[in-house]
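Structure data follow from work06.cif (mmCIF, C-alpha atoms):
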```cif
data_run
#
loop_
_atom_site.group_PDB
_atom_site.id
_atom_site.type_symbol
_atom_site.label_atom_id
_atom_site.label_comp_id
_atom_site.auth_asym_id
_atom_site.auth_seq_id
_atom_site.Cartn_x
_atom_site.Cartn_y
_atom_site.Cartn_z
ATOM 1 C CA MET A 1 10.860 4.569 -83.025
ATOM 2 C CA LYS A 2 12.292 3.753 -79.597
ATOM 3 C CA HIS A 3 14.600 6.772 -79.818
ATOM 4 C CA ILE A 4 11.623 9.086 -80.430
ATOM 5 C CA MET A 5 9.763 7.599 -77.444
ATOM 6 C CA ASP A 6 12.830 8.154 -75.205
ATOM 7 C CA GLU A 7 12.951 11.779 -76.320
ATOM 8 C CA ARG A 8 9.231 12.200 -75.811
ATOM 9 C CA SER A 9 9.368 10.718 -72.298
ATOM 10 C CA PHE A 10 12.352 12.972 -71.479
ATOM 11 C CA LEU A 11 10.397 16.041 -72.584
ATOM 12 C CA GLU A 12 7.342 14.945 -70.598
ATOM 13 C CA GLU A 13 9.511 14.418 -67.520
ATOM 14 C CA ARG A 14 11.032 17.853 -68.014
ATOM 15 C CA GLU A 15 7.577 19.401 -68.331
ATOM 16 C CA ASN A 16 6.465 17.697 -65.103
ATOM 17 C CA LEU A 17 9.546 18.954 -63.265
ATOM 18 C CA MET A 18 8.841 22.505 -64.409
ATOM 19 C CA ARG A 19 5.224 22.213 -63.288
ATOM 20 C CA TYR A 20 6.265 20.938 -59.839
ATOM 21 C CA TRP A 21 8.941 23.606 -59.504
ATOM 22 C CA LYS A 22 6.328 26.363 -59.828
ATOM 23 C CA ILE A 23 4.811 25.030 -56.604
ATOM 24 C CA MET A 24 7.842 23.650 -54.782
ATOM 25 C CA GLY A 25 10.195 26.624 -55.346
ATOM 26 C CA PRO A 26 8.094 29.234 -53.548
ATOM 27 C CA LEU A 27 7.050 26.636 -50.956
ATOM 28 C CA MET A 28 10.699 25.877 -50.098
ATOM 29 C CA VAL A 29 11.506 29.592 -49.794
ATOM 30 C CA THR A 30 8.481 30.099 -47.534
ATOM 31 C CA VAL A 31 9.425 27.150 -45.318
ATOM 32 C CA PHE A 32 13.013 28.413 -45.079
ATOM 33 C CA LEU A 33 11.877 31.913 -44.082
ATOM 34 C CA ALA A 34 9.449 30.436 -41.551
ATOM 35 C CA LEU A 35 12.276 28.355 -40.058
ATOM 36 C CA VAL A 36 14.571 31.375 -39.773
ATOM 37 C CA THR A 37 11.799 33.434 -38.168
ATOM 38 C CA TRP A 38 10.916 30.636 -35.748
ATOM 39 C CA LEU A 39 14.580 30.159 -34.782
ATOM 40 C CA TYR A 40 15.017 33.898 -34.258
ATOM 41 C CA PHE A 41 12.139 34.043 -31.782
ATOM 42 C CA GLN A 42 12.490 30.616 -30.127
ATOM 43 C CA THR A 43 16.288 30.208 -29.917
ATOM 44 C CA PRO A 44 17.922 33.482 -30.918
ATOM 45 C CA LEU A 45 21.349 32.235 -29.819
ATOM 46 C CA PHE A 46 21.354 29.790 -32.747
ATOM 47 C CA ILE A 47 20.722 32.462 -35.348
ATOM 48 C CA SER A 48 21.999 35.762 -33.976
ATOM 49 C CA PRO A 49 25.739 36.018 -33.342
ATOM 50 C CA CYS A 50 25.222 39.486 -31.854
ATOM 51 C CA ARG A 51 23.127 38.017 -29.049
ATOM 52 C CA VAL A 52 25.742 35.342 -28.385
ATOM 53 C CA PHE A 53 28.540 37.919 -28.172
ATOM 54 C CA SER A 54 26.510 40.204 -25.918
ATOM 55 C CA ARG A 55 25.607 37.284 -23.629
ATOM 56 C CA ILE A 56 29.279 36.226 -23.436
ATOM 57 C CA GLU A 57 30.346 39.786 -22.584
ATOM 58 C CA GLU A 58 27.624 40.054 -19.937
ATOM 59 C CA GLY A 59 28.519 36.642 -18.530
ATOM 60 C CA THR A 60 24.907 35.450 -18.721
ATOM 61 C CA LEU A 61 25.473 32.614 -21.178
ATOM 62 C CA GLU A 62 24.806 29.317 -19.408
ATOM 63 C CA PRO A 63 27.591 26.728 -19.597
ATOM 64 C CA SER A 64 25.177 24.109 -20.986
ATOM 65 C CA THR A 65 24.230 26.456 -23.822
ATOM 66 C CA LEU A 66 27.899 27.117 -24.550
ATOM 67 C CA VAL A 67 28.537 23.358 -24.692
ATOM 68 C CA LEU A 68 25.584 22.903 -27.070
ATOM 69 C CA ILE A 69 26.789 25.696 -29.337
ATOM 70 C CA ALA A 70 30.315 24.265 -29.331
ATOM 71 C CA GLY A 71 28.914 20.822 -30.181
ATOM 72 C CA LEU A 72 26.950 22.194 -33.120
ATOM 73 C CA LEU A 73 29.937 24.084 -34.510
ATOM 74 C CA PRO A 74 31.338 21.087 -36.479
ATOM 75 C CA VAL A 75 27.915 20.444 -38.013
ATOM 76 C CA VAL A 76 27.662 24.064 -39.105
ATOM 77 C CA VAL A 77 31.168 24.051 -40.564
ATOM 78 C CA ILE A 78 30.544 20.811 -42.493
ATOM 79 C CA THR A 79 27.270 22.203 -43.806
ATOM 80 C CA THR A 80 28.952 25.469 -44.747
ATOM 81 C CA VAL A 81 31.549 23.535 -46.739
ATOM 82 C CA PHE A 82 28.947 21.243 -48.337
ATOM 83 C CA ILE A 83 26.704 24.047 -49.620
ATOM 84 C CA PRO A 84 29.260 25.620 -52.006
ATOM 85 C CA VAL A 85 30.204 22.154 -53.272
ATOM 86 C CA ALA A 86 26.549 21.386 -53.984
ATOM 87 C CA LEU A 87 26.096 24.777 -55.646
ATOM 88 C CA ARG A 88 28.877 23.872 -58.051
ATOM 89 C CA VAL A 89 27.595 20.357 -58.778
ATOM 90 C CA PHE A 90 24.019 21.405 -59.587
ATOM 91 C CA PRO A 91 24.960 23.516 -62.630
ATOM 92 C CA PHE A 92 26.859 20.573 -64.121
ATOM 93 C CA CYS A 93 23.747 18.404 -63.781
ATOM 94 C CA SER A 94 21.608 21.157 -65.241
ATOM 95 C CA VAL A 95 23.944 21.685 -68.203
ATOM 96 C CA SER A 96 23.960 17.953 -68.890
ATOM 97 C CA ARG A 97 20.170 17.903 -69.078
ATOM 98 C CA GLU A 98 20.160 21.018 -71.252
ATOM 99 C CA LYS A 99 22.567 19.354 -73.696
ATOM 100 C CA LYS A 100 20.168 16.440 -73.997
ATOM 101 C CA TYR A 101 17.265 18.823 -74.508
ATOM 102 C CA LEU A 102 19.151 20.751 -77.205
ATOM 103 C CA HIS A 103 20.050 17.476 -78.923
ATOM 104 C CA ILE A 104 16.354 16.530 -79.022
ATOM 105 C CA LEU A 105 15.465 19.917 -80.494
ATOM 106 C CA GLU A 106 18.235 19.601 -83.056
ATOM 107 C CA ASN A 107 16.981 16.143 -84.104
ATOM 108 C CA HIS A 108 13.459 17.486 -84.351
ATOM 109 C CA GLN A 109 14.633 20.370 -86.529
ATOM 110 C CA LYS A 110 16.530 17.983 -88.816
ATOM 111 C CA GLN A 111 13.424 15.829 -89.217
ATOM 112 C CA GLU A 112 11.351 18.880 -90.098
ATOM 113 C CA ASP A 113 13.954 19.943 -92.656
ATOM 114 C CA ARG A 114 13.866 16.486 -94.248
ATOM 115 C CA ASN A 115 10.075 16.507 -94.406
ATOM 116 C CA SER A 116 10.008 19.948 -96.037
#
```

Mind turning this structure into structure tokens?
Amino acid sequence: MKHIMDERSFLEERENLMRYWKIMGPLMVTVFLALVTWLYFQTPLFISPCRVFSRIEEGTLEPSTLVLIAGLLPVVVITTVFIPVALRVFPFCSVSREKKYLHILENHQKQEDRNS
């Protein structure tokens, strides 16, 4: 009986996650696009390499801005390395949960076959 309750709670948790994702997925994309748009208009040097290169060629890039950009470079590189790692870890987590889900469905099918 405990095993069935664990499976039932897993399926309920999965259903809740799917329900939240319908709201959170588009919300996260909207927030990301808003952030990119805001950065483009407020601090275009952080988001547009073309503007940085043109400012360097013109000689109008302030030294303090250059120092700030140079200071943020390690953060950007670390983040750029972290993102592909995370993108490879997430599928493993997802597959693990799917295996559990398929196991539950298989058990359910076996029980139905026994009852038939």

**Asked** Suppose you want the space between CA of Lys110 in chain A and CA of Glu7 in chain A; what is it in Å?
**Response**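 If I compute the distance from CA of Lys110 in chain A to CA of Glu7 in chain A, I get 14.4 Å.
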
**Surrounding residues of range 48-50 of chain A excluding itself and chain neighbours under 6 positions, 10 Å, only C-alpha atoms, as number ranges by chain** = A: 39-40, 56

Return as an mmCIF file with C-alpha atoms, keeping the file's coordinate frame the set of residues that the PyMOL selection byres ((chain A and resi 96-101) around 12) yields on the displayed structure.
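Printed below is expr_16.cif as written:
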```cif
data_model
loop_
_atom_site.group_PDB
_atom_site.id
_atom_site.type_symbol
_atom_site.label_atom_id
_atom_site.label_comp_id
_atom_site.auth_asym_id
_atom_site.auth_seq_id
_atom_site.Cartn_x
_atom_site.Cartn_y
_atom_site.Cartn_z
ATOM 1 C CA ASP A 6 12.830 8.154 -75.205
ATOM 2 C CA GLU A 7 12.951 11.779 -76.320
ATOM 3 C CA ARG A 8 9.231 12.200 -75.811
ATOM 4 C CA SER A 9 9.368 10.718 -72.298
ATOM 5 C CA PHE A 10 12.352 12.972 -71.479
ATOM 6 C CA LEU A 11 10.397 16.041 -72.584
ATOM 7 C CA GLU A 12 7.342 14.945 -70.598
ATOM 8 C CA GLU A 13 9.511 14.418 -67.520
ATOM 9 C CA ARG A 14 11.032 17.853 -68.014
ATOM 10 C CA GLU A 15 7.577 19.401 -68.331
ATOM 11 C CA VAL A 89 27.595 20.357 -58.778
ATOM 12 C CA PHE A 90 24.019 21.405 -59.587
ATOM 13 C CA PRO A 91 24.960 23.516 -62.630
ATOM 14 C CA PHE A 92 26.859 20.573 -64.121
ATOM 15 C CA CYS A 93 23.747 18.404 -63.781
ATOM 16 C CA SER A 94 21.608 21.157 -65.241
ATOM 17 C CA VAL A 95 23.944 21.685 -68.203
ATOM 18 C CA LEU A 102 19.151 20.751 -77.205
ATOM 19 C CA HIS A 103 20.050 17.476 -78.923
ATOM 20 C CA ILE A 104 16.354 16.530 -79.022
ATOM 21 C CA LEU A 105 15.465 19.917 -80.494
ATOM 22 C CA GLU A 106 18.235 19.601 -83.056
ATOM 23 C CA ASN A 107 16.981 16.143 -84.104
ATOM 24 C CA HIS A 108 13.459 17.486 -84.351
#
```

**Item:** Point-to-point distance in Å for CA of Phe46 in chain A and CA of Leu66 in chain A
**Value:** 10.8 Å

**Asked** Interatomic distance between CA of Thr65 in chain A and CA of Ala34 in chain A?
**Response**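 Value for the CA of Thr65 in chain A-CA of Ala34 in chain A distance: 23.4 Å.
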
**Request:** Give the answer as one residue: which of A:Leu35, A:Ala86, A:Leu68, A:Leu61 has the shortest atom-to-atom distance to Ile47 in chain A, using all atoms listed in the file?
**Result:** A:Leu35
